[in-house]
Amino acid sequence: MKSGNPAALIAGAALGLLTALHAPTAAAYCRTAACKDGTGARCTPSLGTDCGKEIFWPKQCVSFSMQRDASEQVSLDLATSVFVEAFKKWTEADCGGGTHPHIEIVDLGPVECHAHEYNQKAANANIILFHDDVWPHPGAGSTLALTTVTYSVDSGEIYDADMELNAANTPFSTGDSKVTYDLHSIATHETGHFLGLSHSQDPTATMYRDYIPGTIDLRTLEPDDIEGICSIYPPGDPIPDSCDPSPRRGFASICSPPPIDPEAGGCCSTAPGAPRGMGSAAVTTLLLGLGIAARRRGDRSRRR
């Protein structure tokens, strides 16, 4: 669905709990893709459902910001350190010969805004936030976290990405013992979505759609994950210190900041539950299509 030029859609990707048996499938990392009828994926090896143009961050340096209140379960400092570490797993992955993906993630510090949004005509922030009281999306009992990406349908360029964590229904833990729902594991999975990866077909991969409670397996990347991130951001020359990680149209700490002069060709966007420029049904379809439904898999054999 298009509105404006270039157009943008929102891709939601959820990390789910476990409810039904699931048989292992052939290994295949998948990249989120802008398809004709909505959000899809392109996988390697290819699948019959592959479609569209893969999404990616066009800048060599990208920022994120923690929402300043963090959670009753996790302090701001601890949450920030967890996500800084999670992003490093991806940006410092070994693409061969000691090279790394050609992208850098920068923490711009805490923000006031406690909502997913992308502002078409104003400054933005790529926000990570916790919902302590109520999970505002479908699947409250089966969704641990949700990453929403706004991107150009025409080019695949990512404009904005926000992460929401379901603290209302999830007892997170951060240590190596007495593990409940490991925030480090969940953060590593969600930062993969932030960078443009969809759910993997490899049941051993960190980007596989499910998490097994009580485990810390998803803290580390598997070969499938590494191949995926290196395909999106192939190694290149060192990123210059002058690279500006500011979000599209500038950085803002507050929700819905005052508008600025729009860039030529703008785009449309929406926050789930408060659509602007596209219907809420499209958002719902995208969320379901990217795996809000939870599945169970058997014993994971992790490759170390």
# chains A, B, ... in the order shown; residues from 1 in each chain; ligands from 1
>>> residues_around(residues="Ala93 in chain A", least_positions_apart="4", cutoff="10 Å", atoms="only C-alpha atoms", output="VMD selection string")
chain A and resid 88 to 89 98 to 101 221 to 223 225 to 227 229 to 230
>>> select_by_dssp(residues="range 74-191 of chain A", states="strand (DSSP E)", output="PyMOL selection string")
chain A and resi 104-107+127-130+143-152+158-165+172-173+181-182
>>> select_by_dssp(residues="range 78-161 of chain A", states="alpha helix (DSSP H)", output="list in words")
Leu78, Ala79, Thr80, Ser81, Val82, Phe83, Val84, Glu85, Ala86, Phe87, Lys88, Lys89, Trp90 and Thr91 of chain A
>>> closest_residue(among="A:Cys61, A:Cys30, A:Val82, A:Ile128", to="Thr49 in chain A", atoms="only C-alpha atoms")
A:Cys30
